[in-house]
2 protein chains.
Amino acid sequence: MSSVRAIADELGVSVATVSRALNNHPGVSEEMRKRVLQTADRTGYRPSVGRKPTNVIGLAYPNEPVRADFGAFEAVLLAGVLEGVNERKFDLTFINVNRDKNRSETYEQFFNRKGVRGVIVRPLDNSGMPEAIAADGFPMVLVADRSDDPRVNFIDSDSRRTSRQAVEHLIGLGHKRIGLAIHRVADSDHRDREAGYRTALSGAGIPLEESLIVRAEASPEGGAMMLMSLLEQETPPTAIYFTNPLSTVGALHKCLQLGIRVPKDLSIVGFDDGDIRMRTFPRFTAVCQDAQALGLEAARWLTRSLTGEANGTFREIRPTTLAVLDSTSFPPLTPVRLSERSRVVQAT
Amino acid sequence: MSSVRAIADELGVSVATVSRALNNHPGVSEEMRKRVLQTADRTGYRPSVGRKPTNVIGLAYPNEPVRADFGAFEAVLLAGVLEGVNERKFDLTFINVNRDKNRSETYEQFFNRKGVRGVIVRPLDNSGMPEAIAADGFPMVLVADRSDDPRVNFIDSDSRRTSRQAVEHLIGLGHKRIGLAIHRVADSDHRDREAGYRTALSGAGIPLEESLIVRAEASPEGGAMMLMSLLEQETPPTAIYFTNPLSTVGALHKCLQLGIRVPKDLSIVGFDDGDIRMRTFPRFTAVCQDAQALGLEAARWLTRSLTGEANGTFREIRPTTLAVLDSTSFPPLTPVRLSERSRVVQAT
DNA sequence: CTGGACGCTGGAACAGTTACACTGGCGGGA
DNA sequence: TCCCGCCAGTGTAACTGTTCCAGCGTCCAG
């Protein structure tokens with residue numbers, strides 16, 4: 001293991017210069033900084049202040065500032081992560097990567113500077129950050145997403161299979177026209193859910209109609225909008241799969257408002273990260289993702305990996321489950337259709 | 001500012017002994033540890049590893065492990081705290097006090113060892129922890145609770161006044177029998193809400209009936225239970241104040257299940273930390289606490305205090321607000337009463 | 001009585017950071 | 001042209017705290 005003094009000796013400079021270069025302090029030339037960083041990287045330098053080991057892992061958010069709309073999913077995920085790090089008596093700290101990371105430092109240097117031994121990465125966009133961290137050789141695990149890069153450890157849930165089951169459940173009840181209400185941005189989760197939907201339809205020989213697929217924000221308002229937009233069509237669907245908890249809640253709320261009886265008039269399958277499906281009326285049939293388990297297992301593996309109890313790469317895809325509750329039933333004799341003025345009318 | 005070497009010189013011992021004593025390492029006599037700690041306390045010892053300043057504040061939870069039932073309130077509060085620490089480019093780390101704090105070390109030593117410059121304290125019981133931290137002189141702010149100790153900085157919201165307004169709102173609509181559904185453990189929040197209820201009733205000259213006050217867990221199930229228990233009474237209330245978001249959600253859900261029309265058959269006032277009141281059916285009239293602002297202002301003050309932009313003590317009581325939505329109306333001609341078998345019947 | 005185990009302590013070497021001094025190049029004014 | 005001052009860049013040394021290993025005394029078993 002190299003030290004600032006080893007690096008200083010090798011380059012023929014002083015430890016002060018090395019320290020300044022490593023910490024992005026002013027007063028050191030760009031040329032010298034580059035040489036120091038190269039040597040540090042090559043010799044595998046890790047700072048160890050006073051040799052004291054610190055048992056902290058970071059929760060790395062790429063976006064700044066950390067999302068204000070701290071939704072249910074994030075909260076449940078966090079609860080799992082906290083439980084997981086607690087098992088090995090690690091601490092958890094939030095790290096705002098975009099805010100603090102210097103352009104010229106590697107991820108390994110950045111996280112070392114932050115004093116964490118490993119990171120749980122929660123990406124919100126396609127930044128390539130997980131791959132870059134893994135390439136730097138820093139202990140990491142990506143949570144609630146996946147990567148093709150073989151160096152990236154991750155845990156994700158696959159909602160494709162269960163999404164297919166959910167739609168097949170609707171088909172089995174007799175539904176022929178099934179809508180899909182999906183998040184506007186197509187991350188891997190929502191691609192899975194759409195793929196499951198398409199597979200179920202084609203498996204049952206039901207022709208796919210692009211007009212039955214609508215997109216909006218993953219919010220209650222978005223859910224209400226997608227519901228309306230589907231039910232205002234000429235021949236509306238008799239069942240809808242909402243691929244997101246918040247949009248499901250919004251749609252169910254709108255149904256109560258409009259007097260649409262679920263599941264008598266319309267069947268709804270939703271998506272659930274926690275237990276929201278139990279709190280709506282009616283309780284809704286849902287594709288369920290155990291967000292807490294995702295965070296728990298990610299933190300567990302990372303901490304065990306750091307204590308030497310685990311090794312190798314970690315690539316886990318957890319299945320989701322289908323919970324059939326009260327929002328799905330047989331299709332109505334006459335499907336519900338909304339007029340332009342958002343009033344309930346009977347379809348012809 | 002003293003250092004381990006200064007303490008060692010003063011006591012005539014070695015720095016190794018001082019370091020061991022300060023970090024609760026084995027291999028140092030209890031007598032020696034006590035002397036070292038006394039001297040450290042007296043000279044105002046603060047560790048500064050390599051003189052590197054660290055801008056981290058801790059979120060101190062007294063209970064272990066950190067609550068698994070990470071509810072909406074905690075999540076919203078945390079979102080505010082994260083936003084607040086972000087403003088001054090501080091980091092946030094979770095600190096599990098019961099898990100890590102050694103019995104023989106002071107809070108100041110403990111937090112210094114953890115590497116945080118200040119703490120936001122979120123107590124879940126009457127542990128006396130906030131007072132002890134303040135007595136140690138460590139920068140702290142208590143959030144979502146208050147203390148009589150003049151050294152304790154805190155931010156809390158006062159739901160007493162608005163609770164009174166809420167009940168007066170019901171009285172103004174013509175309600176005479178108003179139930180109170182309250183959390184089983186009487187923390188300062190729930191004491192406020194009960195006090196507001198009592199004040200409103202006595203102000204309107206309505207005699208208080210203890211049978212109209214019921215207590216249960218702050219959960220959807222608890223809310224449903226309290227609803228049932230109130231509506232099964234001989235002369236049930238025509239309006240109920242649920243002092244907690246989750247119990248309100250549970251009660252409204254139960255009403256939909258039982259066919260009780262809110263607000264036509266029964267008026268309900270709830271409590272909201274975020275925007276849950278907008279997601280239920282009907283949207284419920286609520287005493288609203290801005291949990292995000294609580295966390296935001298706590299973090300803001302603490303970080304500003306650490307950067308020298310603020311000083312003095314911080315004691316803020318934020319008012320709650322009454323949001324009148326769709327769950328409150330005039331009392332019904334014949335109040336709803338539930339039989340023992342939980343079926344809707346008409347009261348005589 | 002003696003040897004080993006053990007508890008406690010100190011010396012020294014280690015980790016990284018930073019105040020201060022120094023050097024050399026550059027520009028501007030006499 | 002020359003000299004002074006400034007400034008960027010670097011080194012020296014002093015500082016922070018931690019830990020390995022040796023030493024010293026005590027106590028107990030053989």
# chains A, B, ... in the order shown; residues from 1 in each chain; ligands from 1
call {"tool": "select_by_dssp", "arguments": {"residues": "range 93-324 of chain A", "states": "strand (DSSP E or B)", "output": "count of residues only"}}
result
49
call {"tool": "interface_residues", "arguments": {"of": "chain D", "to": "chain A", "cutoff": "7 Å", "atoms": "only C-alpha atoms (C1' of nucleotides)", "output": "MDAnalysis selection string"}}
result
chainID D and resid 8:11 17:18
call {"tool": "interface_residues", "arguments": {"of": "chain C", "to": "chain B", "cutoff": "9 Å", "atoms": "only C-alpha atoms (C1' of nucleotides)", "output": "MDAnalysis selection string"}}
result
chainID C and resid 7:11 15:18
call {"tool": "interface_residues", "arguments": {"of": "chain B", "to": "chain A", "cutoff": "6 Å", "atoms": "only C-alpha atoms", "output": "list in words"}}
result
Ala68, Ala75, Ala79, Leu92, Thr93 and Phe94 of chain B
call {"tool": "residues_around", "arguments": {"residues": "range 174-185 of chain B", "least_positions_apart": "4", "cutoff": "6 Å", "atoms": "only C-alpha atoms (C1' of nucleotides)", "output": "list in words"}}
result
Leu170, Leu212, Ile213, Val214, Arg215, Ala216, Glu217, Ala218, Pro237, Thr238, Ala239, Ile240, Tyr241, Phe242, Thr243 and Pro331 of chain B
call {"tool": "write_last_selection", "arguments": {"atoms": "all heavy atoms", "output": "CSV table (one decimal), in the first residue's frame"}}
result
chain,number,residue,atom,x,y,z
B,170,LEU,N,-65.8,22.2,12.6
B,170,LEU,CA,-66.9,21.2,12.7
B,170,LEU,C,-68.1,21.8,13.5
B,170,LEU,O,-69.2,21.6,13.1
B,170,LEU,CB,-66.3,20.0,13.4
B,170,LEU,CG,-65.3,19.2,12.6
B,170,LEU,CD1,-64.6,18.1,13.4
B,170,LEU,CD2,-65.9,18.6,11.3
B,212,LEU,N,-65.9,9.7,23.9
B,212,LEU,CA,-65.7,10.1,22.5
B,212,LEU,C,-64.2,10.3,22.1
B,212,LEU,O,-63.9,10.6,21.0
B,212,LEU,CB,-66.4,11.4,22.2
B,212,LEU,CG,-67.9,11.4,22.1
B,212,LEU,CD1,-68.5,12.7,21.8
B,212,LEU,CD2,-68.4,10.3,21.1
B,213,ILE,N,-63.3,10.0,23.1
B,213,ILE,CA,-61.9,10.0,22.8
B,213,ILE,C,-61.4,8.6,22.8
B,213,ILE,O,-61.5,7.9,23.8
B,213,ILE,CB,-61.2,10.8,23.9
B,213,ILE,CG1,-61.7,12.3,23.9
B,213,ILE,CG2,-59.7,10.8,23.7
B,213,ILE,CD1,-61.0,13.2,24.9
B,214,VAL,N,-60.9,8.2,21.7
B,214,VAL,CA,-60.4,6.8,21.6
B,214,VAL,C,-58.9,6.8,21.1
B,214,VAL,O,-58.5,7.8,20.5
B,214,VAL,CB,-61.2,6.0,20.5
B,214,VAL,CG1,-62.6,5.7,21.1
B,214,VAL,CG2,-61.2,6.6,19.2
B,215,ARG,N,-58.2,5.8,21.5
B,215,ARG,CA,-56.8,5.7,21.3
B,215,ARG,C,-56.4,4.4,20.6
B,215,ARG,O,-56.9,3.4,21.0
B,215,ARG,CB,-56.0,5.9,22.6
B,215,ARG,CG,-56.1,7.2,23.2
B,215,ARG,CD,-55.6,7.3,24.6
B,215,ARG,NE,-56.1,8.5,25.3
B,215,ARG,CZ,-55.6,9.7,25.1
B,215,ARG,NH1,-54.5,9.9,24.3
B,215,ARG,NH2,-56.1,10.7,25.8
B,216,ALA,N,-55.5,4.5,19.7
B,216,ALA,CA,-54.9,3.2,19.1
B,216,ALA,C,-53.6,3.6,18.4
B,216,ALA,O,-53.1,4.7,18.5
B,216,ALA,CB,-55.9,2.7,18.0
B,217,GLU,N,-53.0,2.6,17.8
B,217,GLU,CA,-51.8,2.8,17.0
B,217,GLU,C,-52.0,3.8,15.9
B,217,GLU,O,-53.1,3.9,15.3
B,217,GLU,CB,-51.4,1.5,16.3
B,217,GLU,CG,-51.1,0.3,17.2
B,217,GLU,CD,-49.6,0.3,17.4
B,217,GLU,OE1,-48.9,0.1,16.4
B,217,GLU,OE2,-49.1,0.5,18.5
B,218,ALA,N,-50.9,4.5,15.6
B,218,ALA,CA,-51.0,5.5,14.5
B,218,ALA,C,-50.7,4.7,13.2
B,218,ALA,O,-49.6,4.8,12.6
B,218,ALA,CB,-49.9,6.6,14.6
B,237,PRO,N,-70.7,9.8,17.3
B,237,PRO,CA,-70.4,11.1,16.9
B,237,PRO,C,-70.8,11.3,15.4
B,237,PRO,O,-70.9,10.3,14.7
B,237,PRO,CB,-68.9,11.3,17.1
B,237,PRO,CG,-68.4,9.9,16.9
B,237,PRO,CD,-69.4,9.0,17.5
B,238,THR,N,-71.0,12.6,15.0
B,238,THR,CA,-71.3,12.9,13.6
B,238,THR,C,-70.0,13.4,12.9
B,238,THR,O,-70.1,13.6,11.7
B,238,THR,CB,-72.4,13.9,13.5
B,238,THR,OG1,-72.0,15.1,14.2
B,238,THR,CG2,-73.7,13.4,14.2
B,239,ALA,N,-69.0,13.6,13.7
B,239,ALA,CA,-67.7,14.0,13.1
B,239,ALA,C,-66.6,13.5,14.0
B,239,ALA,O,-66.7,13.3,15.2
B,239,ALA,CB,-67.6,15.6,13.0
B,240,ILE,N,-65.4,13.2,13.3
B,240,ILE,CA,-64.3,12.7,14.0
B,240,ILE,C,-63.0,13.4,13.6
B,240,ILE,O,-62.9,13.7,12.4
B,240,ILE,CB,-64.1,11.2,13.8
B,240,ILE,CG1,-65.4,10.4,14.1
B,240,ILE,CG2,-63.0,10.7,14.7
B,240,ILE,CD1,-65.3,9.0,13.7
B,241,TYR,N,-62.2,13.7,14.5
B,241,TYR,CA,-60.9,14.3,14.2
B,241,TYR,C,-59.8,13.2,14.4
B,241,TYR,O,-59.6,12.8,15.6
B,241,TYR,CB,-60.6,15.5,15.1
B,241,TYR,CG,-59.2,16.1,15.0
B,241,TYR,CD1,-58.4,16.0,13.9
B,241,TYR,CD2,-58.7,16.9,16.1
B,241,TYR,CE1,-57.2,16.6,13.8
B,241,TYR,CE2,-57.4,17.4,16.1
B,241,TYR,CZ,-56.7,17.3,14.9
B,241,TYR,OH,-55.4,17.8,14.8
B,242,PHE,N,-59.2,12.8,13.4
B,242,PHE,CA,-58.1,11.8,13.4
B,242,PHE,C,-56.8,12.6,13.4
B,242,PHE,O,-56.5,13.3,12.5
B,242,PHE,CB,-58.2,10.9,12.2
B,242,PHE,CG,-59.3,9.9,12.3
B,242,PHE,CD1,-60.6,10.2,11.8
B,242,PHE,CD2,-59.1,8.6,12.8
B,242,PHE,CE1,-61.6,9.3,11.8
B,242,PHE,CE2,-60.2,7.7,12.9
B,242,PHE,CZ,-61.4,8.1,12.4
B,243,THR,N,-56.0,12.4,14.4
B,243,THR,CA,-54.9,13.2,14.7
B,243,THR,C,-53.6,12.8,14.0
B,243,THR,O,-52.5,13.2,14.3
B,243,THR,CB,-54.6,13.4,16.2
B,243,THR,OG1,-54.3,12.1,16.7
B,243,THR,CG2,-55.8,14.0,16.9
B,331,PRO,N,-73.8,18.0,9.7
B,331,PRO,CA,-74.1,16.7,10.3
B,331,PRO,C,-75.3,16.1,9.6
B,331,PRO,O,-76.2,16.9,9.1
B,331,PRO,CB,-74.4,17.1,11.7
B,331,PRO,CG,-74.7,18.5,11.8
B,331,PRO,CD,-73.9,19.1,10.7
call {"tool": "residues_around", "arguments": {"residues": "Thr285 in chain B", "least_positions_apart": "5", "cutoff": "9 Å", "atoms": "only C-alpha atoms (C1' of nucleotides)", "output": "PyMOL selection string"}}
result
chain B and resi 166+268-271+277+322-328
call {"tool": "residues_around", "arguments": {"residues": "range 8-12 of chain A", "least_positions_apart": "3", "cutoff": "12 Å", "atoms": "only C-alpha atoms (C1' of nucleotides)", "output": "PyMOL selection string"}}
result
(chain A and resi 2-5+15-22+32-40+42-43+45) or (chain D and resi 10-11)
call {"tool": "residues_around", "arguments": {"residues": "DC7 in chain D", "least_positions_apart": "4", "cutoff": "12 Å", "atoms": "only C-alpha atoms (C1' of nucleotides)", "output": "PyMOL selection string"}}
result
(chain A and resi 27) or (chain C and resi 23-27)
